[in-house]
Every structure is written in structure tokens, then in C-alpha cells.
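Text of model_12.pdb (PDB, C-alpha atoms) as supplied:
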ATOM      1  CA  ALA A   1    -110.422  54.824  48.332  1.00  0.00           C
ATOM      2  CA  GLN A   2    -110.146  52.035  45.835  1.00  0.00           C
ATOM      3  CA  THR A   3    -107.009  51.684  43.730  1.00  0.00           C
ATOM      4  CA  VAL A   4    -106.368  49.677  40.585  1.00  0.00           C
ATOM      5  CA  THR A   5    -102.835  48.657  39.603  1.00  0.00           C
ATOM      6  CA  GLN A   6    -101.667  47.443  36.208  1.00  0.00           C
ATOM      7  CA  SER A   7     -97.994  46.589  36.506  1.00  0.00           C
ATOM      8  CA  GLN A   8     -97.331  45.935  32.811  1.00  0.00           C
ATOM      9  CA  PRO A   9     -97.028  49.177  30.827  1.00  0.00           C
ATOM     10  CA  GLU A  10     -96.598  47.199  27.607  1.00  0.00           C
ATOM     11  CA  MET A  11     -97.013  43.622  26.436  1.00  0.00           C
ATOM     12  CA  SER A  12     -96.250  41.978  23.120  1.00  0.00           C
ATOM     13  CA  VAL A  13     -97.794  38.903  21.515  1.00  0.00           C
ATOM     14  CA  GLN A  14     -97.694  37.240  18.137  1.00  0.00           C
ATOM     15  CA  GLU A  15    -100.795  36.548  16.127  1.00  0.00           C
ATOM     16  CA  ALA A  16    -102.584  33.355  17.174  1.00  0.00           C
ATOM     17  CA  GLU A  17    -100.731  33.231  20.482  1.00  0.00           C
ATOM     18  CA  THR A  18    -102.124  33.771  23.974  1.00  0.00           C
ATOM     19  CA  VAL A  19    -101.335  36.691  26.253  1.00  0.00           C
ATOM     20  CA  THR A  20    -102.316  37.534  29.829  1.00  0.00           C
ATOM     21  CA  LEU A  21    -102.642  41.059  31.189  1.00  0.00           C
ATOM     22  CA  SER A  22    -102.424  41.558  34.943  1.00  0.00           C
ATOM     23  CA  CYS A  23    -104.475  43.701  37.291  1.00  0.00           C
ATOM     24  CA  THR A  24    -104.688  43.988  41.043  1.00  0.00           C
ATOM     25  CA  TYR A  25    -106.980  46.178  43.087  1.00  0.00           C
ATOM     26  CA  ASP A  26    -107.488  47.276  46.629  1.00  0.00           C
ATOM     27  CA  THR A  27    -110.872  47.501  48.302  1.00  0.00           C
ATOM     28  CA  SER A  28    -112.583  46.871  51.602  1.00  0.00           C
ATOM     29  CA  GLU A  29    -115.923  46.093  49.989  1.00  0.00           C
ATOM     30  CA  SER A  30    -117.281  42.608  49.428  1.00  0.00           C
ATOM     31  CA  ASP A  31    -119.450  43.296  46.389  1.00  0.00           C
ATOM     32  CA  TYR A  32    -118.350  45.198  43.313  1.00  0.00           C
ATOM     33  CA  TYR A  33    -117.783  44.929  39.566  1.00  0.00           C
ATOM     34  CA  LEU A  34    -114.537  44.562  37.651  1.00  0.00           C
ATOM     35  CA  PHE A  35    -114.061  45.377  33.987  1.00  0.00           C
ATOM     36  CA  TRP A  36    -111.560  45.252  31.204  1.00  0.00           C
ATOM     37  CA  TYR A  37    -111.910  48.048  28.667  1.00  0.00           C
ATOM     38  CA  LYS A  38    -110.152  48.314  25.299  1.00  0.00           C
ATOM     39  CA  GLN A  39    -109.113  51.633  23.758  1.00  0.00           C
ATOM     40  CA  PRO A  40    -107.717  51.357  20.210  1.00  0.00           C
ATOM     41  CA  PRO A  41    -105.551  54.271  19.048  1.00  0.00           C
ATOM     42  CA  SER A  42    -107.682  57.386  18.584  1.00  0.00           C
ATOM     43  CA  ARG A  43    -110.840  55.393  19.083  1.00  0.00           C
ATOM     44  CA  GLN A  44    -113.574  54.986  21.636  1.00  0.00           C
ATOM     45  CA  MET A  45    -113.235  53.093  24.914  1.00  0.00           C
ATOM     46  CA  ILE A  46    -115.252  49.881  24.703  1.00  0.00           C
ATOM     47  CA  LEU A  47    -116.038  47.146  27.179  1.00  0.00           C
ATOM     48  CA  VAL A  48    -114.260  43.830  26.692  1.00  0.00           C
ATOM     49  CA  ILE A  49    -115.502  41.811  29.642  1.00  0.00           C
ATOM     50  CA  ARG A  50    -117.012  42.254  33.114  1.00  0.00           C
ATOM     51  CA  GLN A  51    -117.030  40.248  36.312  1.00  0.00           C
ATOM     52  CA  GLU A  52    -119.392  40.501  39.257  1.00  0.00           C
ATOM     53  CA  ALA A  53    -117.501  39.927  42.501  1.00  0.00           C
ATOM     54  CA  TYR A  54    -120.222  37.711  43.972  1.00  0.00           C
ATOM     55  CA  LYS A  55    -119.854  35.245  41.100  1.00  0.00           C
ATOM     56  CA  GLN A  56    -117.142  32.641  41.582  1.00  0.00           C
ATOM     57  CA  GLN A  57    -117.220  31.579  37.950  1.00  0.00           C
ATOM     58  CA  ASN A  58    -114.759  33.421  35.743  1.00  0.00           C
ATOM     59  CA  ALA A  59    -116.316  35.441  32.941  1.00  0.00           C
ATOM     60  CA  THR A  60    -115.626  34.581  29.310  1.00  0.00           C
ATOM     61  CA  GLU A  61    -116.436  36.367  26.065  1.00  0.00           C
ATOM     62  CA  ASN A  62    -115.319  34.443  22.992  1.00  0.00           C
ATOM     63  CA  ARG A  63    -111.485  34.721  22.933  1.00  0.00           C
ATOM     64  CA  PHE A  64    -111.395  36.786  26.129  1.00  0.00           C
ATOM     65  CA  SER A  65    -111.497  35.308  29.606  1.00  0.00           C
ATOM     66  CA  VAL A  66    -110.577  36.425  33.094  1.00  0.00           C
ATOM     67  CA  ASN A  67    -108.941  34.831  36.083  1.00  0.00           C
ATOM     68  CA  PHE A  68    -110.684  36.389  39.081  1.00  0.00           C
ATOM     69  CA  GLN A  69    -109.050  35.687  42.437  1.00  0.00           C
ATOM     70  CA  LYS A  70    -111.146  37.556  44.990  1.00  0.00           C
ATOM     71  CA  ALA A  71    -109.045  36.776  48.036  1.00  0.00           C
ATOM     72  CA  ALA A  72    -105.883  37.872  46.251  1.00  0.00           C
ATOM     73  CA  LYS A  73    -107.697  40.892  44.712  1.00  0.00           C
ATOM     74  CA  SER A  74    -106.409  39.890  41.315  1.00  0.00           C
ATOM     75  CA  PHE A  75    -108.207  40.160  37.979  1.00  0.00           C
ATOM     76  CA  SER A  76    -106.195  39.137  34.921  1.00  0.00           C
ATOM     77  CA  LEU A  77    -107.335  39.111  31.288  1.00  0.00           C
ATOM     78  CA  LYS A  78    -106.387  36.294  28.948  1.00  0.00           C
ATOM     79  CA  ILE A  79    -106.625  36.838  25.210  1.00  0.00           C
ATOM     80  CA  SER A  80    -106.484  33.630  23.192  1.00  0.00           C
ATOM     81  CA  ASP A  81    -105.728  33.356  19.470  1.00  0.00           C
ATOM     82  CA  SER A  82    -104.562  36.980  19.386  1.00  0.00           C
ATOM     83  CA  GLN A  83    -105.464  39.010  16.319  1.00  0.00           C
ATOM     84  CA  LEU A  84    -103.976  42.191  14.850  1.00  0.00           C
ATOM     85  CA  GLY A  85    -107.181  43.991  15.793  1.00  0.00           C
ATOM     86  CA  ASP A  86    -106.552  43.265  19.454  1.00  0.00           C
ATOM     87  CA  ALA A  87    -103.739  45.828  19.482  1.00  0.00           C
ATOM     88  CA  ALA A  88    -104.852  48.598  21.851  1.00  0.00           C
ATOM     89  CA  MET A  89    -104.551  50.018  25.347  1.00  0.00           C
ATOM     90  CA  TYR A  90    -106.310  47.804  27.850  1.00  0.00           C
ATOM     91  CA  PHE A  91    -107.623  49.262  31.080  1.00  0.00           C
ATOM     92  CA  CYS A  92    -108.687  47.393  34.170  1.00  0.00           C
ATOM     93  CA  ALA A  93    -111.473  49.143  36.094  1.00  0.00           C
ATOM     94  CA  TYR A  94    -113.260  48.728  39.412  1.00  0.00           C
ATOM     95  CA  ARG A  95    -116.804  49.879  40.127  1.00  0.00           C
ATOM     96  CA  THR A  96    -118.500  50.075  43.482  1.00  0.00           C
ATOM     97  CA  ILE A  97    -122.068  48.923  43.901  1.00  0.00           C
ATOM     98  CA  SER A  98    -122.781  50.741  47.123  1.00  0.00           C
ATOM     99  CA  GLY A  99    -123.024  54.496  47.226  1.00  0.00           C
ATOM    100  CA  TYR A 100    -122.600  56.362  43.963  1.00  0.00           C
ATOM    101  CA  SER A 101    -121.008  53.723  41.716  1.00  0.00           C
ATOM    102  CA  THR A 102    -117.501  55.137  41.616  1.00  0.00           C
ATOM    103  CA  LEU A 103    -115.554  53.849  38.600  1.00  0.00           C
ATOM    104  CA  THR A 104    -111.759  53.733  39.016  1.00  0.00           C
ATOM    105  CA  PHE A 105    -109.252  52.856  36.290  1.00  0.00           C
ATOM    106  CA  GLY A 106    -105.733  51.508  36.218  1.00  0.00           C
ATOM    107  CA  LYS A 107    -103.012  53.186  34.177  1.00  0.00           C
ATOM    108  CA  GLY A 108    -103.368  50.744  31.322  1.00  0.00           C
ATOM    109  CA  THR A 109    -101.348  48.152  29.416  1.00  0.00           C
ATOM    110  CA  MET A 110    -100.443  48.721  25.780  1.00  0.00           C
ATOM    111  CA  LEU A 111    -100.817  45.468  23.852  1.00  0.00           C
ATOM    112  CA  LEU A 112     -98.742  45.099  20.701  1.00  0.00           C
ATOM    113  CA  VAL A 113     -99.631  42.319  18.268  1.00  0.00           C
ATOM    114  CA  SER A 114     -97.151  41.240  15.618  1.00  0.00           C
ATOM    115  CA  PRO A 115     -97.837  39.118  12.534  1.00  0.00           C
TER     116      PRO A 115
ATOM    117  CA  GLU B   1    -127.887  51.539  19.276  1.00  0.00           C
ATOM    118  CA  ALA B   2    -127.805  54.141  22.052  1.00  0.00           C
ATOM    119  CA  GLU B   3    -124.565  56.066  22.395  1.00  0.00           C
ATOM    120  CA  VAL B   4    -122.995  58.733  24.555  1.00  0.00           C
ATOM    121  CA  ALA B   5    -122.629  61.845  22.415  1.00  0.00           C
ATOM    122  CA  GLN B   6    -119.826  64.336  22.934  1.00  0.00           C
ATOM    123  CA  SER B   7    -118.924  67.541  21.152  1.00  0.00           C
ATOM    124  CA  PRO B   8    -116.722  68.903  19.839  1.00  0.00           C
ATOM    125  CA  ARG B   9    -114.444  65.999  18.866  1.00  0.00           C
ATOM    126  CA  TYR B  10    -111.422  68.300  18.677  1.00  0.00           C
ATOM    127  CA  LYS B  11    -110.743  71.705  20.153  1.00  0.00           C
ATOM    128  CA  ILE B  12    -107.718  73.966  19.877  1.00  0.00           C
ATOM    129  CA  THR B  13    -107.694  76.972  22.139  1.00  0.00           C
ATOM    130  CA  GLU B  14    -105.215  79.558  23.249  1.00  0.00           C
ATOM    131  CA  LYS B  15    -103.914  79.724  26.777  1.00  0.00           C
ATOM    132  CA  SER B  16    -106.139  81.849  29.058  1.00  0.00           C
ATOM    133  CA  GLN B  17    -109.215  81.407  26.855  1.00  0.00           C
ATOM    134  CA  ALA B  18    -112.429  79.706  27.955  1.00  0.00           C
ATOM    135  CA  VAL B  19    -113.483  76.349  26.527  1.00  0.00           C
ATOM    136  CA  ALA B  20    -116.554  74.164  27.004  1.00  0.00           C
ATOM    137  CA  PHE B  21    -117.375  70.543  26.274  1.00  0.00           C
ATOM    138  CA  TRP B  22    -120.805  68.982  25.968  1.00  0.00           C
ATOM    139  CA  CYS B  23    -122.013  65.474  26.727  1.00  0.00           C
ATOM    140  CA  ASP B  24    -125.372  63.777  26.165  1.00  0.00           C
ATOM    141  CA  PRO B  25    -125.544  60.439  27.996  1.00  0.00           C
ATOM    142  CA  ILE B  26    -127.559  57.391  27.068  1.00  0.00           C
ATOM    143  CA  SER B  27    -131.215  57.943  27.866  1.00  0.00           C
ATOM    144  CA  GLY B  28    -132.110  56.749  31.354  1.00  0.00           C
ATOM    145  CA  HIS B  29    -128.560  56.717  32.684  1.00  0.00           C
ATOM    146  CA  ALA B  30    -128.638  58.626  35.959  1.00  0.00           C
ATOM    147  CA  THR B  31    -124.885  58.454  36.516  1.00  0.00           C
ATOM    148  CA  LEU B  32    -122.626  60.650  34.384  1.00  0.00           C
ATOM    149  CA  TYR B  33    -118.841  60.829  34.614  1.00  0.00           C
ATOM    150  CA  TRP B  34    -116.307  63.281  33.225  1.00  0.00           C
ATOM    151  CA  TYR B  35    -112.766  61.917  32.961  1.00  0.00           C
ATOM    152  CA  ARG B  36    -109.498  63.483  31.846  1.00  0.00           C
ATOM    153  CA  GLN B  37    -107.060  61.226  30.037  1.00  0.00           C
ATOM    154  CA  ILE B  38    -103.499  62.276  29.315  1.00  0.00           C
ATOM    155  CA  LEU B  39    -101.963  60.479  26.343  1.00  0.00           C
ATOM    156  CA  GLY B  40    -100.740  57.022  27.315  1.00  0.00           C
ATOM    157  CA  GLN B  41    -102.338  57.066  30.760  1.00  0.00           C
ATOM    158  CA  GLY B  42    -105.563  55.898  32.372  1.00  0.00           C
ATOM    159  CA  PRO B  43    -108.664  58.068  32.730  1.00  0.00           C
ATOM    160  CA  GLU B  44    -108.826  60.140  35.905  1.00  0.00           C
ATOM    161  CA  LEU B  45    -112.193  61.155  37.279  1.00  0.00           C
ATOM    162  CA  LEU B  46    -112.903  64.873  37.311  1.00  0.00           C
ATOM    163  CA  VAL B  47    -116.548  64.886  38.358  1.00  0.00           C
ATOM    164  CA  GLN B  48    -119.417  62.438  38.804  1.00  0.00           C
ATOM    165  CA  PHE B  49    -123.117  63.269  38.716  1.00  0.00           C
ATOM    166  CA  GLN B  50    -126.079  61.353  40.041  1.00  0.00           C
ATOM    167  CA  ASP B  51    -128.991  62.918  38.165  1.00  0.00           C
ATOM    168  CA  GLU B  52    -128.381  66.656  38.524  1.00  0.00           C
ATOM    169  CA  SER B  53    -126.301  66.426  41.701  1.00  0.00           C
ATOM    170  CA  VAL B  54    -122.529  66.331  41.938  1.00  0.00           C
ATOM    171  CA  VAL B  55    -121.536  63.308  44.041  1.00  0.00           C
ATOM    172  CA  ASP B  56    -117.763  63.458  43.550  1.00  0.00           C
ATOM    173  CA  ASP B  57    -115.699  66.426  42.399  1.00  0.00           C
ATOM    174  CA  SER B  58    -112.753  65.881  44.691  1.00  0.00           C
ATOM    175  CA  GLN B  59    -110.261  65.883  41.777  1.00  0.00           C
ATOM    176  CA  LEU B  60    -111.803  68.784  39.876  1.00  0.00           C
ATOM    177  CA  PRO B  61    -109.566  71.900  39.869  1.00  0.00           C
ATOM    178  CA  LYS B  62    -112.353  74.159  41.000  1.00  0.00           C
ATOM    179  CA  ASP B  63    -110.446  77.387  40.482  1.00  0.00           C
ATOM    180  CA  ARG B  64    -110.710  76.912  36.722  1.00  0.00           C
ATOM    181  CA  PHE B  65    -113.016  73.964  36.023  1.00  0.00           C
ATOM    182  CA  SER B  66    -116.779  73.834  36.417  1.00  0.00           C
ATOM    183  CA  ALA B  67    -119.398  71.258  35.499  1.00  0.00           C
ATOM    184  CA  GLU B  68    -123.145  71.232  35.445  1.00  0.00           C
ATOM    185  CA  ARG B  69    -125.997  68.907  34.609  1.00  0.00           C
ATOM    186  CA  LEU B  70    -128.957  71.190  35.122  1.00  0.00           C
ATOM    187  CA  LYS B  71    -131.864  68.909  34.212  1.00  0.00           C
ATOM    188  CA  GLY B  72    -130.152  65.662  35.011  1.00  0.00           C
ATOM    189  CA  VAL B  73    -129.677  64.816  31.357  1.00  0.00           C
ATOM    190  CA  ASP B  74    -126.898  66.438  29.304  1.00  0.00           C
ATOM    191  CA  SER B  75    -123.854  68.011  30.885  1.00  0.00           C
ATOM    192  CA  THR B  76    -121.298  70.735  30.216  1.00  0.00           C
ATOM    193  CA  LEU B  77    -117.702  70.877  31.420  1.00  0.00           C
ATOM    194  CA  LYS B  78    -116.011  74.278  31.283  1.00  0.00           C
ATOM    195  CA  ILE B  79    -112.428  75.415  31.694  1.00  0.00           C
ATOM    196  CA  GLN B  80    -111.663  79.079  32.274  1.00  0.00           C
ATOM    197  CA  PRO B  81    -108.912  80.055  31.822  1.00  0.00           C
ATOM    198  CA  ALA B  82    -107.315  77.183  29.938  1.00  0.00           C
ATOM    199  CA  GLU B  83    -103.673  76.358  30.695  1.00  0.00           C
ATOM    200  CA  LEU B  84    -101.113  74.445  28.651  1.00  0.00           C
ATOM    201  CA  GLY B  85    -101.318  71.534  31.090  1.00  0.00           C
ATOM    202  CA  ASP B  86    -105.013  71.075  30.325  1.00  0.00           C
ATOM    203  CA  SER B  87    -104.181  69.538  26.948  1.00  0.00           C
ATOM    204  CA  ALA B  88    -105.708  66.063  27.134  1.00  0.00           C
ATOM    205  CA  MET B  89    -108.638  63.909  26.067  1.00  0.00           C
ATOM    206  CA  TYR B  90    -111.841  64.628  27.982  1.00  0.00           C
ATOM    207  CA  LEU B  91    -114.089  61.606  28.188  1.00  0.00           C
ATOM    208  CA  CYS B  92    -117.731  61.454  29.179  1.00  0.00           C
ATOM    209  CA  ALA B  93    -119.353  58.219  30.302  1.00  0.00           C
ATOM    210  CA  SER B  94    -122.733  57.203  31.640  1.00  0.00           C
ATOM    211  CA  SER B  95    -124.283  54.247  33.416  1.00  0.00           C
ATOM    212  CA  TYR B  96    -127.214  53.106  35.471  1.00  0.00           C
ATOM    213  CA  PRO B  97    -126.460  53.600  39.153  1.00  0.00           C
ATOM    214  CA  GLY B  98    -125.856  51.041  41.873  1.00  0.00           C
ATOM    215  CA  GLN B  99    -126.903  47.437  41.468  1.00  0.00           C
ATOM    216  CA  GLY B 100    -129.212  48.353  38.625  1.00  0.00           C
ATOM    217  CA  GLY B 101    -126.313  48.950  36.292  1.00  0.00           C
ATOM    218  CA  THR B 102    -123.032  47.409  35.378  1.00  0.00           C
ATOM    219  CA  GLU B 103    -120.594  48.935  32.966  1.00  0.00           C
ATOM    220  CA  ALA B 104    -120.179  52.553  31.938  1.00  0.00           C
ATOM    221  CA  PHE B 105    -120.537  53.509  28.284  1.00  0.00           C
ATOM    222  CA  PHE B 106    -118.118  56.036  26.857  1.00  0.00           C
ATOM    223  CA  GLY B 107    -118.385  58.754  24.275  1.00  0.00           C
ATOM    224  CA  GLN B 108    -115.708  59.351  21.651  1.00  0.00           C
ATOM    225  CA  GLY B 109    -114.135  62.091  23.733  1.00  0.00           C
ATOM    226  CA  THR B 110    -113.007  65.641  23.092  1.00  0.00           C
ATOM    227  CA  ARG B 111    -109.324  66.115  22.392  1.00  0.00           C
ATOM    228  CA  LEU B 112    -108.244  69.491  23.732  1.00  0.00           C
ATOM    229  CA  THR B 113    -105.040  71.196  22.670  1.00  0.00           C
ATOM    230  CA  VAL B 114    -104.051  74.384  24.461  1.00  0.00           C
ATOM    231  CA  VAL B 115    -101.486  76.517  22.625  1.00  0.00           C
TER     232      VAL B 115
END

Let me see the file written as C-alpha cells.
Amino acid sequence: AQTVTQSQPEMSVQEAETVTLSCTYDTSESDYYLFWYKQPPSRQMILVIRQEAYKQQNATENRFSVNFQKAAKSFSLKISDSQLGDAAMYFCAYRTISGYSTLTFGKGTMLLVSP
Amino acid sequence: EAEVAQSPRYKITEKSQAVAFWCDPISGHATLYWYRQILGQGPELLVQFQDESVVDDSQLPKDRFSAERLKGVDSTLKIQPAELGDSAMYLCASSYPGQGGTEAFFGQGTRLTVV
């Protein structure tokens, strides 16, 4: 079974600074998807960014980018120019392509943003 | 914009009572997930459907939990009898299956409190 590990329960960053959230995963498959989801307090889980494992190029979405290291099974999220609205729980998730598209989450990293 | 609908948003029930949650996925999404999320932790899969079939219920406490998706569209998750430890957020998500889909879309969740 696939596992997703987020080793940082909490991270802090100041507005306008850059922060990196870590994620590692374990799988024997060669093709899969990786995601970062954001869950603000008492609000809906929304997708931040996704990465297809067959693509070598790291995904970017505005201020959000990933560092995908397939051999190391590492998938970190970099948030540039942090904003107060970025404060939330961030979850790393792994999704299989084969079979029934199992979606597995890490335990999350709480991101605190200070003015 | 299409959304995953869940109801109720909040539910308070007494220990040993029955409780049910409803989810309507995005139209066309064959894959439907039910997750349980304890405050401050990552979502844990309870059950996954492909159309009307259960494809993973390995973590579902089957002595008290049941789930169905009779016509392969909306789904109901039931707990009977509820226990204090069932207090959590119950999240429903849907996606296209396999290589035809990428991320899962989440509903707003049902927050259950058992007293």
C-alpha cells in the first residue's frame, strides 16, 4: 500500500517570504499523480497544484511550485511571496492511475503566516 | 461551477443513535470517496466506490458503518449505533477514474458530534 509522509506538523512564515513544505511517499508504481491540497480552517479542501509522475518538469501555479524528485520519492511545495490567506492546513496526496484510483493523504502541515 | 454536495453540514447526535450523511458527486464522476477526518489530522479513507460498486472498504468499521451508492450517482453513509469516537468531519469527494481523471473534488463535509 502507498504511504504519504509529511514530517512537518507546523511551519511558520512571514508575509512576502518563501516557505517550503515537505512530502515523501512510498510506492512501487511508475505512473501516478501527486497533489497538494489546502484546507483553510472550517472550509473546504481545495486543490493547490498537481504533478503527473511521467512529467519531469515541475508544476507551477502562480506563487505555488513543486520540487518533484521521482527517484527520491519526494514532492515538496514552495510558496513564494506568502500571503495571510495562505494560512491553512496543507495536505500532500498520492493517487494511483492503475486499478481504482486510490487517493492517499499525508497527515498535513499547518502553515502559519504572520504579518 | 459543478460542486460536490453534502448534507447536512453539521450533525449532533446522541451516543447509540443512528445517523446518515448524503453526498451528491459532480455529474459524470464515476469514483466516489468517503473520508473521515479527525481535527488536525489528514483524511482517512472509509470507502471508495466505482460507479455503484464498492472497490475499497478495508478501513470501514463494518459492524456499525454502512455505505451505498445504489444507482452509481449519489451516496449515503450510515452509522448505527454512533459512538463518542465517531465525532469527526466526514468528507465526500469524487473524480473521474483512472487516466481519464486527475484530482478529486471535495464537498464541504459533514461535521459530526456525538454526545

Determine the residue membership of the PyMOL selection byres ((chain B and resi 40) around 10) for the file above and supply it as a VMD selection string.
-> (chain A and resid 9 41 89 107 to 110) or (chain B and resid 37 to 39 41 to 43)

Any chance you could tabulate, as JSON lines, the residues of chain B at most 9 Å from chain A with each one's nearest atom pair and distance in Å to one decimal, using only C-alpha atoms, in chain and rising number order?
{"residue": "B:Thr31", "atom": "CA", "partner": "A:Ser101", "partner_atom": "CA", "distance": 8.0}
{"residue": "B:Tyr33", "atom": "CA", "partner": "A:Leu103", "partner_atom": "CA", "distance": 8.7}
{"residue": "B:Gly40", "atom": "CA", "partner": "A:Gly108", "partner_atom": "CA", "distance": 7.9}
{"residue": "B:Gln41", "atom": "CA", "partner": "A:Lys107", "partner_atom": "CA", "distance": 5.2}
{"residue": "B:Gly42", "atom": "CA", "partner": "A:Lys107", "partner_atom": "CA", "distance": 4.1}
{"residue": "B:Pro43", "atom": "CA", "partner": "A:Phe105", "partner_atom": "CA", "distance": 6.3}
{"residue": "B:Glu44", "atom": "CA", "partner": "A:Phe105", "partner_atom": "CA", "distance": 7.3}
{"residue": "B:Leu45", "atom": "CA", "partner": "A:Thr104", "partner_atom": "CA", "distance": 7.6}
{"residue": "B:Gln48", "atom": "CA", "partner": "A:Thr102", "partner_atom": "CA", "distance": 8.1}
{"residue": "B:Phe49", "atom": "CA", "partner": "A:Tyr100", "partner_atom": "CA", "distance": 8.7}
{"residue": "B:Gln50", "atom": "CA", "partner": "A:Tyr100", "partner_atom": "CA", "distance": 7.2}
{"residue": "B:Val55", "atom": "CA", "partner": "A:Tyr100", "partner_atom": "CA", "distance": 7.0}
{"residue": "B:Asp56", "atom": "CA", "partner": "A:Thr102", "partner_atom": "CA", "distance": 8.5}
{"residue": "B:Ser95", "atom": "CA", "partner": "A:Ser101", "partner_atom": "CA", "distance": 8.9}
{"residue": "B:Tyr96", "atom": "CA", "partner": "A:Ser101", "partner_atom": "CA", "distance": 8.8}
{"residue": "B:Pro97", "atom": "CA", "partner": "A:Ser101", "partner_atom": "CA", "distance": 6.0}
{"residue": "B:Gly98", "atom": "CA", "partner": "A:Ile97", "partner_atom": "CA", "distance": 4.8}
{"residue": "B:Gln99", "atom": "CA", "partner": "A:Ile97", "partner_atom": "CA", "distance": 5.6}
{"residue": "B:Gly100", "atom": "CA", "partner": "A:Ile97", "partner_atom": "CA", "distance": 8.9}
{"residue": "B:Gly101", "atom": "CA", "partner": "A:Ile97", "partner_atom": "CA", "distance": 8.7}
{"residue": "B:Thr102", "atom": "CA", "partner": "A:Tyr33", "partner_atom": "CA", "distance": 7.2}
{"residue": "B:Glu103", "atom": "CA", "partner": "A:Phe35", "partner_atom": "CA", "distance": 7.5}
{"residue": "B:Ala104", "atom": "CA", "partner": "A:Leu103", "partner_atom": "CA", "distance": 8.2}
{"residue": "B:Phe105", "atom": "CA", "partner": "A:Ile46", "partner_atom": "CA", "distance": 7.3}
{"residue": "B:Phe106", "atom": "CA", "partner": "A:Met45", "partner_atom": "CA", "distance": 6.0}
{"residue": "B:Gly107", "atom": "CA", "partner": "A:Gln44", "partner_atom": "CA", "distance": 6.7}
{"residue": "B:Gln108", "atom": "CA", "partner": "A:Gln44", "partner_atom": "CA", "distance": 4.9}
{"residue": "B:Gly109", "atom": "CA", "partner": "A:Gln44", "partner_atom": "CA", "distance": 7.4}

Would you write out those residues with C-alpha atoms, as a tab-separated table (two decimals), in the frame of the given file?
chain	number	residue	atom	x	y	z
B	31	THR	CA	-124.88	58.45	36.52
B	33	TYR	CA	-118.84	60.83	34.61
B	40	GLY	CA	-100.74	57.02	27.32
B	41	GLN	CA	-102.34	57.07	30.76
B	42	GLY	CA	-105.56	55.90	32.37
B	43	PRO	CA	-108.66	58.07	32.73
B	44	GLU	CA	-108.83	60.14	35.90
B	45	LEU	CA	-112.19	61.16	37.28
B	48	GLN	CA	-119.42	62.44	38.80
B	49	PHE	CA	-123.12	63.27	38.72
B	50	GLN	CA	-126.08	61.35	40.04
B	55	VAL	CA	-121.54	63.31	44.04
B	56	ASP	CA	-117.76	63.46	43.55
B	95	SER	CA	-124.28	54.25	33.42
B	96	TYR	CA	-127.21	53.11	35.47
B	97	PRO	CA	-126.46	53.60	39.15
B	98	GLY	CA	-125.86	51.04	41.87
B	99	GLN	CA	-126.90	47.44	41.47
B	100	GLY	CA	-129.21	48.35	38.62
B	101	GLY	CA	-126.31	48.95	36.29
B	102	THR	CA	-123.03	47.41	35.38
B	103	GLU	CA	-120.59	48.94	32.97
B	104	ALA	CA	-120.18	52.55	31.94
B	105	PHE	CA	-120.54	53.51	28.28
B	106	PHE	CA	-118.12	56.04	26.86
B	107	GLY	CA	-118.38	58.75	24.28
B	108	GLN	CA	-115.71	59.35	21.65
B	109	GLY	CA	-114.14	62.09	23.73

In Å, rounded to a single decimal, give me how far atom CA of Arg36 of chain B is from atom CA of Leu21 of chain A.
->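 Atom-to-atom, atom CA of Leu21 of chain A and atom CA of Arg36 of chain B are spaced 23.5 Å apart.
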
Output check: residues returned by the PyMOL selection byres ((chain B and resi 3-18) around 6), as a short mmCIF file (atom, residue, chain, number, x, y, z; two decimals) with C-alpha atoms, in the coordinates of the input:
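selection-v5.cif, written as the output of this step:
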data_model
loop_
_atom_site.label_atom_id
_atom_site.label_comp_id
_atom_site.auth_asym_id
_atom_site.auth_seq_id
_atom_site.Cartn_x
_atom_site.Cartn_y
_atom_site.Cartn_z
CA ALA B 2 -127.80 54.14 22.05
CA VAL B 19 -113.48 76.35 26.53
CA TRP B 22 -120.80 68.98 25.97
CA CYS B 23 -122.01 65.47 26.73
CA ASP B 24 -125.37 63.78 26.16
CA PRO B 25 -125.54 60.44 28.00
CA ILE B 26 -127.56 57.39 27.07
CA ILE B 79 -112.43 75.42 31.69
CA GLN B 80 -111.66 79.08 32.27
CA PRO B 81 -108.91 80.06 31.82
CA ALA B 82 -107.32 77.18 29.94
CA GLU B 83 -103.67 76.36 30.70
CA GLY B 107 -118.38 58.75 24.28
CA THR B 110 -113.01 65.64 23.09
CA ARG B 111 -109.32 66.11 22.39
CA LEU B 112 -108.24 69.49 23.73
CA THR B 113 -105.04 71.20 22.67
CA VAL B 114 -104.05 74.38 24.46
CA VAL B 115 -101.49 76.52 22.62
#

Have a look at atom CA of Leu91 of chain B and atom CA of Asp26 of chain A and let me know their distance in Å, one decimal.
-> 24.3 Å

Box in all listed atoms of segment 69-80 of chain B, axis-aligned, with 6 Å more on each side; write out centre and edge lengths in Å to one decimal as JSON.
{"center_x": -121.8, "center_y": 71.9, "center_z": 32.2, "size_x": 32.2, "size_y": 26.3, "size_z": 17.8}

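Atom CA of Lys38 of chain A is positioned 18.4 Å from atom CA of Glu17 of chain A.
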
Nearest to Leu70 of chain B among B:Ala20, B:Leu46, B:Cys92, B:Val54, with distances taken over only C-alpha atoms: which residue is it?
->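 Once distances to Leu70 of chain B are computed over only C-alpha atoms, the minimum belongs to B:Val54.
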
Residues within 6 Å of Thr18 of chain A, all atoms listed in the file, excluding chain neighbours under 2 positions, as a list in words = Ile79, Ser80 and Asp81 of chain A

Can you spit out the residues from that selection as a short mmCIF file (atom, residue, chain, number, x, y, z; two decimals), keeping the file's coordinate frame, using C-alpha atoms?
data_model
loop_
_atom_site.label_atom_id
_atom_site.label_comp_id
_atom_site.auth_asym_id
_atom_site.auth_seq_id
_atom_site.Cartn_x
_atom_site.Cartn_y
_atom_site.Cartn_z
CA ILE A 79 -106.62 36.84 25.21
CA SER A 80 -106.48 33.63 23.19
CA ASP A 81 -105.73 33.36 19.47
#

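The closest residue to Leu60 of chain B, picked from B:Val47, B:Leu77, B:Ala93, B:Ala30 and counting only C-alpha atoms, is B:Val47.
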
Give me the result of the PyMOL selection byres ((chain A and resi 4) around 6) on this file, residue by residue, as a short mmCIF file (atom, residue, chain, number, x, y, z; two decimals) with C-alpha atoms, keeping the file's coordinate frame.
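Now in part_21.cif:
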data_model
loop_
_atom_site.label_atom_id
_atom_site.label_comp_id
_atom_site.auth_asym_id
_atom_site.auth_seq_id
_atom_site.Cartn_x
_atom_site.Cartn_y
_atom_site.Cartn_z
CA THR A 3 -107.01 51.68 43.73
CA THR A 5 -102.84 48.66 39.60
CA THR A 24 -104.69 43.99 41.04
CA TYR A 25 -106.98 46.18 43.09
CA GLY A 106 -105.73 51.51 36.22
#

Enumerate, as a VMD selection string, the protein, DNA and RNA residues whose atoms approach (-111.1, 38.1, 35.4) to within 9 Å, taking into account all atoms listed in the file and the coordinate frame of the file.
-> chain A and resid 23 34 to 36 49 to 51 58 to 60 65 to 69 74 to 78

Distance query Arg69 of chain B at most 8 Å, only C-alpha atoms, self and fewer than 3 positions along chain excluded, as a VMD selection string = chain B and resid 49 51 to 53 72 to 76
